[in-house]
Amino acid sequence: MHDAVTLHMDAPVERVWSLVTDITRIGEFSPETFEAEWLGDATDAEVGARFRGHVKRNQKGPTYWSECLVTNCESNQEFAFAVVAGDRVMNTWGYRLESVDGGTDVTEWFRLPDNVPSRIYWSLLGWARGKTNRDGMRATLERMQAVLEQGE
């Protein structure tokens with residue numbers, strides 16, 4: 001009920017961090033989330049900040065807004081957020097960064113909560129959704145890599 005994709009980027013960790021934590025740019029990179037905006041007084045990534053992403057599920061629909069809560073924000077190391085419905089965590093997504101040879105290894109990951117509804121969902125549809133998530137994470141990282149390595 002979790003997976004991850006790692007890609008090396010020829011960019012310093014500070015530049016990568018700046019990009020992955022700028023949720024307003026996710027629409028440039030994600031195959032499913034085509035825009036996002038901070039909520040309330042939030043203007044930047046910090047634990048407890050909320051934002052919402054506009055999602056087109058499987059790039060086809062339905063289209064909906066998902067509220068997210070930043071759960072981890074360790075500068076230049078890890079950025080994570082939970083997709084929430086009220087007080088319930090539906091899924092958690094994140095990025096881990098590791099400085100390597102002048103560049104950065106970036107791991108995008110997701111994890112479903114360990115509860116009965118998630119286990120049922122994953123046992124029935126995990127084979128399909130897991131592939132979609134892996135493909136989407138790879139596409140997101142490759143699009144970020146293109147921007148970072150072009151020297152934006």
# chains A, B, ... in the order shown; residues from 1 in each chain; ligands from 1
>>> residues_around(residues="Asn91 (chain A)", least_positions_apart="3", cutoff="12 Å", atoms="only C-alpha atoms", output="list in words")
Met1, His2, Asp3, Ser66, Glu67, Cys68, Leu69, Thr71, Ala80, Phe81, Ala82, Val83, Val84, Ala85, Arg88, Gly94, Trp109, Phe110, Arg111, Leu112, Pro113, Asp114, Asn115, Pro117, Ser118, Trp122 and Asn133 of chain A
>>> write_last_selection(atoms="N, CA and C atoms", output="mmCIF file, in the first residue's frame")
data_model
loop_
_atom_site.group_PDB
_atom_site.id
_atom_site.type_symbol
_atom_site.label_atom_id
_atom_site.label_comp_id
_atom_site.auth_asym_id
_atom_site.auth_seq_id
_atom_site.Cartn_x
_atom_site.Cartn_y
_atom_site.Cartn_z
ATOM 1 N N MET A 1 0.823 -1.189 0.000
ATOM 2 C CA MET A 1 0.000 0.000 0.000
ATOM 3 C C MET A 1 0.864 1.248 0.000
ATOM 4 N N HIS A 2 2.062 1.081 -0.557
ATOM 5 C CA HIS A 2 2.961 2.209 -0.722
ATOM 6 C C HIS A 2 3.904 1.892 -1.873
ATOM 7 N N ASP A 3 4.528 2.919 -2.401
ATOM 8 C CA ASP A 3 5.503 2.744 -3.465
ATOM 9 C C ASP A 3 6.320 4.020 -3.571
ATOM 10 N N SER A 66 -8.844 18.311 -3.900
ATOM 11 C CA SER A 66 -8.425 17.528 -2.728
ATOM 12 C C SER A 66 -7.709 18.459 -1.766
ATOM 13 N N GLU A 67 -8.136 18.442 -0.503
ATOM 14 C CA GLU A 67 -7.443 19.247 0.502
ATOM 15 C C GLU A 67 -6.260 18.452 1.051
ATOM 16 N N CYS A 68 -5.160 19.157 1.279
ATOM 17 C CA CYS A 68 -3.926 18.529 1.753
ATOM 18 C C CYS A 68 -3.380 19.286 2.955
ATOM 19 N N LEU A 69 -2.692 18.552 3.804
ATOM 20 C CA LEU A 69 -2.085 19.091 5.015
ATOM 21 C C LEU A 69 -0.604 18.728 5.006
ATOM 22 N N THR A 71 2.637 17.605 6.395
ATOM 23 C CA THR A 71 2.929 16.809 7.593
ATOM 24 C C THR A 71 4.417 16.749 7.927
ATOM 25 N N ALA A 80 6.396 16.311 2.854
ATOM 26 C CA ALA A 80 5.301 15.338 2.784
ATOM 27 C C ALA A 80 3.992 16.025 3.140
ATOM 28 N N PHE A 81 2.920 15.487 2.547
ATOM 29 C CA PHE A 81 1.593 16.022 2.835
ATOM 30 C C PHE A 81 0.570 14.907 2.766
ATOM 31 N N ALA A 82 -0.444 15.043 3.589
ATOM 32 C CA ALA A 82 -1.552 14.090 3.621
ATOM 33 C C ALA A 82 -2.713 14.666 2.833
ATOM 34 N N VAL A 83 -3.329 13.829 2.020
ATOM 35 C CA VAL A 83 -4.589 14.169 1.368
ATOM 36 C C VAL A 83 -5.663 13.819 2.397
ATOM 37 N N VAL A 84 -6.471 14.813 2.743
ATOM 38 C CA VAL A 84 -7.420 14.622 3.838
ATOM 39 C C VAL A 84 -8.861 14.848 3.381
ATOM 40 N N ALA A 85 -9.764 14.155 4.061
ATOM 41 C CA ALA A 85 -11.198 14.376 3.913
ATOM 42 C C ALA A 85 -11.709 14.575 5.333
ATOM 43 N N ARG A 88 -9.883 12.657 8.255
ATOM 44 C CA ARG A 88 -9.358 11.368 7.798
ATOM 45 C C ARG A 88 -8.263 11.541 6.758
ATOM 46 N N GLY A 94 4.946 12.298 -0.673
ATOM 47 C CA GLY A 94 6.117 13.027 -0.240
ATOM 48 C C GLY A 94 7.277 12.938 -1.205
ATOM 49 N N TRP A 109 7.149 9.469 -3.225
ATOM 50 C CA TRP A 109 6.540 8.281 -2.640
ATOM 51 C C TRP A 109 5.091 8.566 -2.254
ATOM 52 N N PHE A 110 4.340 7.484 -2.101
ATOM 53 C CA PHE A 110 2.995 7.589 -1.546
ATOM 54 C C PHE A 110 2.784 6.427 -0.587
ATOM 55 N N ARG A 111 1.854 6.625 0.331
ATOM 56 C CA ARG A 111 1.517 5.586 1.309
ATOM 57 C C ARG A 111 0.041 5.746 1.682
ATOM 58 N N LEU A 112 -0.694 4.664 1.525
ATOM 59 C CA LEU A 112 -2.081 4.641 1.987
ATOM 60 C C LEU A 112 -2.102 4.325 3.476
ATOM 61 N N PRO A 113 -3.090 4.809 4.202
ATOM 62 C CA PRO A 113 -3.169 4.468 5.627
ATOM 63 C C PRO A 113 -3.417 2.967 5.799
ATOM 64 N N ASP A 114 -2.912 2.422 6.885
ATOM 65 C CA ASP A 114 -3.096 1.005 7.160
ATOM 66 C C ASP A 114 -4.403 0.819 7.916
ATOM 67 N N ASN A 115 -5.501 0.777 7.143
ATOM 68 C CA ASN A 115 -6.812 0.552 7.743
ATOM 69 C C ASN A 115 -7.616 -0.382 6.838
ATOM 70 N N PRO A 117 -10.545 -0.068 5.100
ATOM 71 C CA PRO A 117 -10.961 0.404 3.774
ATOM 72 C C PRO A 117 -9.791 0.463 2.775
ATOM 73 N N SER A 118 -8.626 0.915 3.227
ATOM 74 C CA SER A 118 -7.468 0.982 2.327
ATOM 75 C C SER A 118 -7.011 -0.404 1.903
ATOM 76 N N TRP A 122 -6.942 -1.582 -1.897
ATOM 77 C CA TRP A 122 -5.676 -1.999 -2.484
ATOM 78 C C TRP A 122 -5.752 -3.445 -2.982
ATOM 79 N N ASN A 133 0.049 5.199 -10.205
ATOM 80 C CA ASN A 133 0.846 6.045 -9.307
ATOM 81 C C ASN A 133 2.331 6.011 -9.682
#
>>> residues_around(residues="Leu19 (chain A)", least_positions_apart="4", cutoff="8 Å", atoms="only C-alpha atoms", output="PyMOL selection string")
chain A and resi 15+25+144
>>> select_by_dssp(residues="region 67-101 of chain A", states="strand (DSSP E or B)", output="list in words")
Glu67, Cys68, Leu69, Val70, Thr71, Asn72, Cys73, Glu74, Glu78, Phe79, Ala80, Phe81, Ala82, Val83, Val84, Ala85, Arg88, Val89, Met90, Asn91, Thr92, Trp93, Gly94, Tyr95, Arg96, Leu97, Glu98, Ser99 and Val100 of chain A
>>> write_last_selection(atoms="N, CA and C atoms", output="PDB file, in the first residue's frame")
ATOM      1  N   GLU A  67      -8.136  18.442  -0.503  1.00  0.00           N
ATOM      2  CA  GLU A  67      -7.443  19.247   0.502  1.00  0.00           C
ATOM      3  C   GLU A  67      -6.260  18.452   1.051  1.00  0.00           C
ATOM      4  N   CYS A  68      -5.160  19.157   1.279  1.00  0.00           N
ATOM      5  CA  CYS A  68      -3.926  18.529   1.753  1.00  0.00           C
ATOM      6  C   CYS A  68      -3.380  19.286   2.955  1.00  0.00           C
ATOM      7  N   LEU A  69      -2.692  18.552   3.804  1.00  0.00           N
ATOM      8  CA  LEU A  69      -2.085  19.091   5.015  1.00  0.00           C
ATOM      9  C   LEU A  69      -0.604  18.728   5.006  1.00  0.00           C
ATOM     10  N   VAL A  70       0.271  19.718   5.097  1.00  0.00           N
ATOM     11  CA  VAL A  70       1.712  19.458   5.137  1.00  0.00           C
ATOM     12  C   VAL A  70       2.037  18.788   6.472  1.00  0.00           C
ATOM     13  N   THR A  71       2.637  17.605   6.395  1.00  0.00           N
ATOM     14  CA  THR A  71       2.929  16.809   7.593  1.00  0.00           C
ATOM     15  C   THR A  71       4.417  16.749   7.927  1.00  0.00           C
ATOM     16  N   ASN A  72       5.265  17.026   6.950  1.00  0.00           N
ATOM     17  CA  ASN A  72       6.714  17.021   7.181  1.00  0.00           C
ATOM     18  C   ASN A  72       7.347  18.035   6.244  1.00  0.00           C
ATOM     19  N   CYS A  73       8.254  18.824   6.775  1.00  0.00           N
ATOM     20  CA  CYS A  73       8.895  19.860   5.976  1.00  0.00           C
ATOM     21  C   CYS A  73      10.294  20.105   6.536  1.00  0.00           C
ATOM     22  N   GLU A  74      11.189  19.165   6.254  1.00  0.00           N
ATOM     23  CA  GLU A  74      12.580  19.266   6.694  1.00  0.00           C
ATOM     24  C   GLU A  74      13.393  19.810   5.542  1.00  0.00           C
ATOM     25  N   GLU A  78      13.074  16.452   3.255  1.00  0.00           N
ATOM     26  CA  GLU A  78      11.806  15.775   3.004  1.00  0.00           C
ATOM     27  C   GLU A  78      10.631  16.740   3.116  1.00  0.00           C
ATOM     28  N   PHE A  79       9.731  16.604   2.150  1.00  0.00           N
ATOM     29  CA  PHE A  79       8.478  17.349   2.116  1.00  0.00           C
ATOM     30  C   PHE A  79       7.366  16.314   1.950  1.00  0.00           C
ATOM     31  N   ALA A  80       6.396  16.311   2.854  1.00  0.00           N
ATOM     32  CA  ALA A  80       5.301  15.338   2.784  1.00  0.00           C
ATOM     33  C   ALA A  80       3.992  16.025   3.140  1.00  0.00           C
ATOM     34  N   PHE A  81       2.920  15.487   2.547  1.00  0.00           N
ATOM     35  CA  PHE A  81       1.593  16.022   2.835  1.00  0.00           C
ATOM     36  C   PHE A  81       0.570  14.907   2.766  1.00  0.00           C
ATOM     37  N   ALA A  82      -0.444  15.043   3.589  1.00  0.00           N
ATOM     38  CA  ALA A  82      -1.552  14.090   3.621  1.00  0.00           C
ATOM     39  C   ALA A  82      -2.713  14.666   2.833  1.00  0.00           C
ATOM     40  N   VAL A  83      -3.329  13.829   2.020  1.00  0.00           N
ATOM     41  CA  VAL A  83      -4.589  14.169   1.368  1.00  0.00           C
ATOM     42  C   VAL A  83      -5.663  13.819   2.397  1.00  0.00           C
ATOM     43  N   VAL A  84      -6.471  14.813   2.743  1.00  0.00           N
ATOM     44  CA  VAL A  84      -7.420  14.622   3.838  1.00  0.00           C
ATOM     45  C   VAL A  84      -8.861  14.848   3.381  1.00  0.00           C
ATOM     46  N   ALA A  85      -9.764  14.155   4.061  1.00  0.00           N
ATOM     47  CA  ALA A  85     -11.198  14.376   3.913  1.00  0.00           C
ATOM     48  C   ALA A  85     -11.709  14.575   5.333  1.00  0.00           C
ATOM     49  N   ARG A  88      -9.883  12.657   8.255  1.00  0.00           N
ATOM     50  CA  ARG A  88      -9.358  11.368   7.798  1.00  0.00           C
ATOM     51  C   ARG A  88      -8.263  11.541   6.758  1.00  0.00           C
ATOM     52  N   VAL A  89      -7.155  10.825   6.956  1.00  0.00           N
ATOM     53  CA  VAL A  89      -6.073  10.803   5.966  1.00  0.00           C
ATOM     54  C   VAL A  89      -6.431   9.760   4.923  1.00  0.00           C
ATOM     55  N   MET A  90      -6.493  10.193   3.673  1.00  0.00           N
ATOM     56  CA  MET A  90      -6.827   9.290   2.573  1.00  0.00           C
ATOM     57  C   MET A  90      -5.563   8.696   1.935  1.00  0.00           C
ATOM     58  N   ASN A  91      -4.497   9.469   1.947  1.00  0.00           N
ATOM     59  CA  ASN A  91      -3.246   9.081   1.305  1.00  0.00           C
ATOM     60  C   ASN A  91      -2.184  10.080   1.757  1.00  0.00           C
ATOM     61  N   THR A  92      -0.942   9.674   1.750  1.00  0.00           N
ATOM     62  CA  THR A  92       0.157  10.588   2.053  1.00  0.00           C
ATOM     63  C   THR A  92       1.150  10.516   0.910  1.00  0.00           C
ATOM     64  N   TRP A  93       1.603  11.678   0.486  1.00  0.00           N
ATOM     65  CA  TRP A  93       2.583  11.801  -0.602  1.00  0.00           C
ATOM     66  C   TRP A  93       3.794  12.545  -0.081  1.00  0.00           C
ATOM     67  N   GLY A  94       4.946  12.298  -0.673  1.00  0.00           N
ATOM     68  CA  GLY A  94       6.117  13.027  -0.240  1.00  0.00           C
ATOM     69  C   GLY A  94       7.277  12.938  -1.205  1.00  0.00           C
ATOM     70  N   TYR A  95       8.272  13.757  -0.894  1.00  0.00           N
ATOM     71  CA  TYR A  95       9.524  13.805  -1.644  1.00  0.00           C
ATOM     72  C   TYR A  95      10.670  13.742  -0.648  1.00  0.00           C
ATOM     73  N   ARG A  96      11.612  12.831  -0.881  1.00  0.00           N
ATOM     74  CA  ARG A  96      12.855  12.770  -0.120  1.00  0.00           C
ATOM     75  C   ARG A  96      13.984  13.199  -1.041  1.00  0.00           C
ATOM     76  N   LEU A  97      14.871  14.037  -0.529  1.00  0.00           N
ATOM     77  CA  LEU A  97      15.984  14.551  -1.311  1.00  0.00           C
ATOM     78  C   LEU A  97      17.286  14.138  -0.664  1.00  0.00           C
ATOM     79  N   GLU A  98      18.238  13.722  -1.497  1.00  0.00           N
ATOM     80  CA  GLU A  98      19.562  13.362  -1.001  1.00  0.00           C
ATOM     81  C   GLU A  98      20.608  13.915  -1.959  1.00  0.00           C
ATOM     82  N   SER A  99      21.488  14.744  -1.416  1.00  0.00           N
ATOM     83  CA  SER A  99      22.563  15.317  -2.212  1.00  0.00           C
ATOM     84  C   SER A  99      23.570  14.228  -2.576  1.00  0.00           C
ATOM     85  N   VAL A 100      23.816  14.055  -3.888  1.00  0.00           N
ATOM     86  CA  VAL A 100      24.713  13.009  -4.376  1.00  0.00           C
ATOM     87  C   VAL A 100      25.528  13.547  -5.547  1.00  0.00           C
TER      88      VAL A 100
END
>>> closest_residue(among="A:Val116, A:Lys131, A:Thr104, A:Ala139", to="Asp10 (chain A)", atoms="only C-alpha atoms")
A:Thr104
>>> atom_distance(atom1="CA of Arg129 (chain A)", atom2="CA of Glu35 (chain A)")
21.0 Å
>>> select_by_dssp(residues="region 13-78 of chain A", states="alpha helix (DSSP H)", output="compact mmCIF listing (two decimals) with N, CA and C atoms, in the first residue's frame")
# COMPACT_ATOMS: atom_id res chain seq x y z
N VAL A 13 20.60 20.40 -4.29
CA VAL A 13 19.44 20.07 -3.47
C VAL A 13 18.58 21.29 -3.15
N GLU A 14 19.18 22.46 -3.00
CA GLU A 14 18.41 23.67 -2.68
C GLU A 14 17.45 24.04 -3.81
N ARG A 15 17.90 23.89 -5.06
CA ARG A 15 17.02 24.19 -6.20
C ARG A 15 15.89 23.18 -6.31
N VAL A 16 16.23 21.90 -6.08
CA VAL A 16 15.20 20.87 -6.12
C VAL A 16 14.17 21.11 -5.03
N TRP A 17 14.65 21.41 -3.83
CA TRP A 17 13.75 21.68 -2.70
C TRP A 17 12.80 22.82 -3.04
N SER A 18 13.31 23.87 -3.59
CA SER A 18 12.50 25.03 -3.94
C SER A 18 11.39 24.64 -4.92
N LEU A 19 11.70 23.75 -5.83
CA LEU A 19 10.70 23.33 -6.82
C LEU A 19 9.66 22.39 -6.21
N VAL A 20 10.08 21.37 -5.47
CA VAL A 20 9.10 20.39 -4.96
C VAL A 20 8.19 20.98 -3.89
>>> residues_around(residues="Pro31 (chain A)", least_positions_apart="4", cutoff="8 Å", atoms="only C-alpha atoms", output="list in words")
Gly27, Asn58, Gln59, Gly136, Ala139 and Thr140 of chain A
>>> residues_around(residues="His54 (chain A)", least_positions_apart="6", cutoff="8 Å", atoms="only C-alpha atoms", output="list in words")
Thr33, Phe34, Glu35, Ala36, Thr63, Tyr64, Trp65 and Ser66 of chain A
>>> write_last_selection(atoms="N, CA and C atoms", output="short mmCIF file (atom, residue, chain, number, x, y, z; two decimals), in the first residue's frame")
data_model
loop_
_atom_site.label_atom_id
_atom_site.label_comp_id
_atom_site.auth_asym_id
_atom_site.auth_seq_id
_atom_site.Cartn_x
_atom_site.Cartn_y
_atom_site.Cartn_z
N THR A 33 -2.68 16.17 -11.13
CA THR A 33 -3.00 17.41 -10.42
C THR A 33 -2.58 18.57 -11.31
N PHE A 34 -3.55 19.31 -11.80
CA PHE A 34 -3.24 20.33 -12.80
C PHE A 34 -3.15 21.74 -12.23
N GLU A 35 -3.45 21.90 -10.95
CA GLU A 35 -3.23 23.19 -10.27
C GLU A 35 -3.35 22.96 -8.78
N ALA A 36 -2.77 23.87 -8.01
CA ALA A 36 -2.87 23.82 -6.55
C ALA A 36 -2.74 25.23 -6.00
N THR A 63 -13.08 15.12 -12.10
CA THR A 63 -12.25 16.25 -11.68
C THR A 63 -12.78 16.76 -10.34
N TYR A 64 -11.86 16.97 -9.40
CA TYR A 64 -12.28 17.39 -8.06
C TYR A 64 -11.11 18.08 -7.35
N TRP A 65 -11.42 18.77 -6.26
CA TRP A 65 -10.42 19.39 -5.40
C TRP A 65 -10.12 18.45 -4.24
N SER A 66 -8.84 18.31 -3.90
CA SER A 66 -8.43 17.53 -2.73
C SER A 66 -7.71 18.46 -1.77
#
>>> atom_distance(atom1="CA of Phe29 (chain A)", atom2="CA of Arg143 (chain A)")
5.4 Å
>>> residues_around(residues="Thr6 (chain A)", least_positions_apart="2", cutoff="7 Å", atoms="only C-alpha atoms", output="list in words")
Ala4, His8, Asp105, Val106, Thr107 and Glu108 of chain A
>>> write_last_selection(atoms="N, CA and C atoms", output="compact mmCIF listing (two decimals), in the first residue's frame")
# COMPACT_ATOMS: atom_id res chain seq x y z
N ALA A 4 7.39 3.95 -4.35
CA ALA A 4 8.28 5.10 -4.51
C ALA A 4 9.01 4.98 -5.84
N HIS A 8 17.67 10.68 -10.34
CA HIS A 8 18.77 11.61 -10.07
C HIS A 8 18.60 12.85 -10.93
N ASP A 105 19.41 13.06 -5.62
CA ASP A 105 18.50 11.94 -5.81
C ASP A 105 17.17 12.34 -5.20
N VAL A 106 16.12 12.30 -6.00
CA VAL A 106 14.79 12.69 -5.55
C VAL A 106 13.89 11.46 -5.58
N THR A 107 13.29 11.17 -4.45
CA THR A 107 12.36 10.06 -4.35
C THR A 107 10.98 10.62 -4.08
N GLU A 108 10.05 10.33 -4.99
CA GLU A 108 8.65 10.65 -4.73
C GLU A 108 8.00 9.36 -4.24
